[in-house]
Structure formats: C-alpha cells, structure tokens
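Undergrad: Input: one structure, supplied below.
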Amino acid sequence: CVYVPEAGFWVCGEFRAFYERHGGATFLGLPLTRAFEDAQRGLEIQVFERGRLELDLELPAGQRVRLGALVDELGYPESAAAIPRIPYFSTGLYEYFPETGHVVAYAFLRYYHEKGGRAMFGLPRSDALIENGRIVQYFQCARMEWHPERPAGQRVLLGDIGREYLRHVPIDEVAVQPEPAGLGPNSEGNTNPSPVLLLRLDASVRDVAARQGCLQHVYVFVTDQGGHPVAGAEVSATVRELPQPA
C-alpha cells in the first residue's frame, strides 16, 4: 500500500499498481474514498477526483482494474455530430467514431491514444464543447479539459468527475472517512486497520498428480481487498477421487 497524506487514504494492491503506472495524482487526482465493495456491481471500487477505479477479478491478470463509466452513469447529455460535419475518413489530426457519431481531434486525440484509448476512456460521448469558458470533451469514463495556461505537453487534464459522482451518488459513509497513516491497512501493529471488505482465496497443491495412499499438500492463501494476509480465516477443502478410466 501507499498512503496519500493529502487525502488521508491508502491506495493498495492492484489499485496502487494501476494508479502509479498511469501517473498517480497527475492523471487521476487524489483518492476520495477507501477501497470498498460496491454491492450493486459486485466489484471492489475506489473513487478518485477524476474517476472511479473498479477491480474485476474475473478478468485476466493485468487487466482487472479499469475506469468506471461515470459519464454514462451520471447521464450527461449526448448529441451526435451534425451530418455535414462527419468526416469521410480519419487522419492523424482527428478521428471519427461511428459508434457514437463524434470526432476527437488535436490535443484531445493525442492524449486519448497516449493514455490508453478506448480501453481506458471508452467512446466519446460528445464533440469538443465549451463549458464554463473551457474547452472540454466527454468520454464514457472521463471528461477531458483543455488548459492553455499550462506548459506545452501538459495542457490536457481530466476533469473532476469523481467529485461530481460522489455529490450525486450515495455511498457507504465509512468509505469516505479518512484512514489513519499508521503502518498501513491490516499491518502488524496497526491499532486501527481498515476493515476487511473482501476475501480473496488462492489455492494450489504441491503435486499435480498423486497416487492413492500418498501424502498431498494443499496451500491456501486468504487475502483482503488490498492483498494483505487475513489472520484467522477458516478454510475447508474437499478431496474427491477421480473415477478410473474404463
């Protein structure tokens, strides 16, 4: 885990790996909640200033963390591009998305592809437009903003859509309570650890195949939502003998 003192929250496990790999606070802003289980989605989530991270354990390793589709969920208005404005083909300066009828261009397009493209942000949900005097563009998972006052190469930032999400969607009050720095969630000696919100189980055997009457060892690892060992977990195992081939 890593503690973010400006926010008062821990970022752990696969969330930390994703957060740091993609630029940390520069990309997603500060964490606004603890990691917690979202009962509605059946996923572990953690909300940041500029997006919501989701952990889907059914996906392959390295692809389990993604941005939630907050723009879709918040219901921002969507209008397709006018027919005369639709380009007949895409170039390096702009790209047309036939699925939603929108064009992404110039700095927004460069940022879109540099940061992961459709896998990261989803499809565009608007053309570039002006909101509160600033050029913005909505995607399924984020709002891009143009900041001309910043240095070249740093002028596209994500908007604080995570903050907007928390203002509109009620979540567990415990999730938004700051966490103590201590030694980290569930660390030995931490007098106020984060609650165990999710149990993960991995198991393996010493021998891939064992003859009848031989001793076999089964290894079981139980961890919480942050990848920390859970003490005192009760585990049961069932061993079945495979039928003999005819």
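In the structure tokens, each chain is lettered A, B, ... as it comes, each chain's residues begin at 1, and ligands are numbered from 1 in order of appearance.
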Can you tell me, as a list in words, what residues are no more than 10 Å from A:Tyr76 when counting only C-alpha atoms, ignoring any on the same chain fewer than 6 positions away?
TA: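 Everything that qualifies: Leu70, Arg125, Ser126, Tyr138, Phe139 and Gln140 of chain A.
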Undergrad: Need the shell around A:Glu95: protein/DNA/RNA residues with any atom at most 7 Å away, counting only C-alpha atoms. Skip same-chain ones fewer than 4 positions apart. Format as a ChimeraX atom specification?
TA: /A:90-91,103-105
Undergrad: So that I can check the surroundings of A:Gly153, please list as a VMD selection string every protein, DNA and RNA residue that reaches within 12 Å of it, counting only C-alpha atoms and ignoring chain neighbours fewer than 5 positions away.
TA: chain A and resid 107 to 108 110 to 111 114 146 to 148
Undergrad: Please save N, CA, C and O atoms of the selected residues as a CSV table (one decimal), in the first residue's frame.
TA:
```csv
chain,number,residue,atom,x,y,z
A,107,ALA,N,-5.2,17.9,-29.7
A,107,ALA,CA,-4.6,17.5,-28.4
A,107,ALA,C,-5.4,16.5,-27.7
A,107,ALA,O,-4.9,15.6,-27.0
A,108,PHE,N,-6.7,16.5,-27.7
A,108,PHE,CA,-7.6,15.5,-27.1
A,108,PHE,C,-7.3,14.1,-27.7
A,108,PHE,O,-7.3,13.1,-27.0
A,110,ARG,N,-4.5,13.1,-29.2
A,110,ARG,CA,-3.2,12.6,-28.8
A,110,ARG,C,-3.3,12.1,-27.4
A,110,ARG,O,-2.7,11.0,-27.1
A,111,TYR,N,-3.9,12.8,-26.5
A,111,TYR,CA,-4.0,12.4,-25.1
A,111,TYR,C,-4.8,11.1,-25.0
A,111,TYR,O,-4.4,10.2,-24.3
A,114,GLU,N,-2.4,8.3,-26.2
A,114,GLU,CA,-1.2,8.2,-25.3
A,114,GLU,C,-1.6,7.5,-24.0
A,114,GLU,O,-0.8,6.8,-23.4
A,146,TRP,N,-9.2,21.3,-21.7
A,146,TRP,CA,-8.0,22.0,-22.3
A,146,TRP,C,-7.6,23.1,-21.4
A,146,TRP,O,-8.5,24.0,-21.1
A,147,HIS,N,-6.4,23.1,-20.9
A,147,HIS,CA,-5.8,24.1,-20.0
A,147,HIS,C,-4.7,24.9,-20.7
A,147,HIS,O,-3.5,24.5,-20.6
A,148,PRO,N,-5.0,25.9,-21.5
A,148,PRO,CA,-3.9,26.6,-22.3
A,148,PRO,C,-2.9,27.3,-21.4
A,148,PRO,O,-1.8,27.6,-21.9
```
Undergrad: Could you pull out the helix (DSSP H, G or I) residues of stretch 132-241 of chain A, going by DSSP on the backbone, and write them as a ChimeraX atom specification?
TA: /A:161-168,173-176
Undergrad: Just to be explicit: take each residue in the selection above, keep N, CA, C and O atoms, and write the result as a PDB file, in the first residue's frame.
TA:
```pdb
ATOM      1  N   ILE A 161     -14.500  14.453 -12.371  1.00  0.00           N
ATOM      2  CA  ILE A 161     -15.784  13.770 -12.483  1.00  0.00           C
ATOM      3  C   ILE A 161     -16.025  12.831 -11.303  1.00  0.00           C
ATOM      4  O   ILE A 161     -17.169  12.499 -10.974  1.00  0.00           O
ATOM      5  N   GLY A 162     -14.943  12.416 -10.627  1.00  0.00           N
ATOM      6  CA  GLY A 162     -15.111  11.610  -9.423  1.00  0.00           C
ATOM      7  C   GLY A 162     -15.794  12.396  -8.312  1.00  0.00           C
ATOM      8  O   GLY A 162     -16.649  11.875  -7.591  1.00  0.00           O
ATOM      9  N   ARG A 163     -15.422  13.665  -8.165  1.00  0.00           N
ATOM     10  CA  ARG A 163     -16.079  14.523  -7.169  1.00  0.00           C
ATOM     11  C   ARG A 163     -17.551  14.710  -7.512  1.00  0.00           C
ATOM     12  O   ARG A 163     -18.426  14.697  -6.632  1.00  0.00           O
ATOM     13  N   GLU A 164     -17.842  14.892  -8.785  1.00  0.00           N
ATOM     14  CA  GLU A 164     -19.230  15.051  -9.208  1.00  0.00           C
ATOM     15  C   GLU A 164     -20.027  13.776  -8.934  1.00  0.00           C
ATOM     16  O   GLU A 164     -21.196  13.828  -8.519  1.00  0.00           O
ATOM     17  N   TYR A 165     -19.390  12.638  -9.142  1.00  0.00           N
ATOM     18  CA  TYR A 165     -20.045  11.353  -8.873  1.00  0.00           C
ATOM     19  C   TYR A 165     -20.432  11.238  -7.401  1.00  0.00           C
ATOM     20  O   TYR A 165     -21.560  10.855  -7.071  1.00  0.00           O
ATOM     21  N   LEU A 166     -19.521  11.612  -6.497  1.00  0.00           N
ATOM     22  CA  LEU A 166     -19.815  11.495  -5.068  1.00  0.00           C
ATOM     23  C   LEU A 166     -20.905  12.471  -4.629  1.00  0.00           C
ATOM     24  O   LEU A 166     -21.609  12.213  -3.653  1.00  0.00           O
ATOM     25  N   ARG A 167     -21.045  13.590  -5.339  1.00  0.00           N
ATOM     26  CA  ARG A 167     -22.109  14.532  -4.986  1.00  0.00           C
ATOM     27  C   ARG A 167     -23.487  14.017  -5.392  1.00  0.00           C
ATOM     28  O   ARG A 167     -24.502  14.438  -4.826  1.00  0.00           O
ATOM     29  N   HIS A 168     -23.534  13.135  -6.371  1.00  0.00           N
ATOM     30  CA  HIS A 168     -24.815  12.689  -6.904  1.00  0.00           C
ATOM     31  C   HIS A 168     -25.203  11.266  -6.502  1.00  0.00           C
ATOM     32  O   HIS A 168     -26.373  10.908  -6.568  1.00  0.00           O
ATOM     33  N   GLU A 173     -21.000   5.526   4.182  1.00  0.00           N
ATOM     34  CA  GLU A 173     -20.339   6.617   4.893  1.00  0.00           C
ATOM     35  C   GLU A 173     -18.945   6.233   5.356  1.00  0.00           C
ATOM     36  O   GLU A 173     -18.044   7.075   5.436  1.00  0.00           O
ATOM     37  N   VAL A 174     -18.743   4.963   5.685  1.00  0.00           N
ATOM     38  CA  VAL A 174     -17.415   4.530   6.138  1.00  0.00           C
ATOM     39  C   VAL A 174     -16.383   4.727   5.041  1.00  0.00           C
ATOM     40  O   VAL A 174     -15.225   5.053   5.306  1.00  0.00           O
ATOM     41  N   ALA A 175     -16.791   4.560   3.782  1.00  0.00           N
ATOM     42  CA  ALA A 175     -15.846   4.625   2.668  1.00  0.00           C
ATOM     43  C   ALA A 175     -15.221   6.002   2.507  1.00  0.00           C
ATOM     44  O   ALA A 175     -14.111   6.125   1.986  1.00  0.00           O
ATOM     45  N   VAL A 176     -15.922   7.052   2.939  1.00  0.00           N
ATOM     46  CA  VAL A 176     -15.395   8.403   2.748  1.00  0.00           C
ATOM     47  C   VAL A 176     -14.713   8.936   4.002  1.00  0.00           C
ATOM     48  O   VAL A 176     -14.253  10.080   4.011  1.00  0.00           O
TER      49      VAL A 176
END
```
Undergrad: Smallest atom-to-atom distance to A:Phe9: which of A:Gly213, A:Pro178, A:Pro170, A:Gly122, using only C-alpha atoms?
TA: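 Nearest to A:Phe9: A:Pro178.
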Undergrad: Go through A:Asp127, A:Glu6, A:Asp207, A:Glu49 and flag the residue nearest A:Phe97, using only C-alpha atoms for the distances.
TA: A:Asp127
Undergrad: For each of A:Arg52, A:His22, A:Arg34, A:Arg16, take the minimum atom-to-atom distance to A:Gln177, counting only C-alpha atoms, then give the residue where this is smallest.
TA: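 Using only C-alpha atoms, the shortest distance to A:Gln177 belongs to A:Arg34.
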Undergrad: Name all residues at most 12 Å from A:Glu54 (count only C-alpha atoms; drop same-chain ones fewer than 2 positions away) and give them as number ranges by chain.
TA: A: 14-16, 18-19, 35-38, 41-48, 51-52, 56-59, 63-70, 120, 141, 225
Undergrad: Just list the residues in stretch 28-221 of chain A DSSP gives strand (DSSP E) on the backbone, as a PyMOL selection string.
TA: chain A and resi 36-38+43-48+51-55+65-67+94-97+102-105+129-131+134-138+143-146+156-158+200-205+218-221
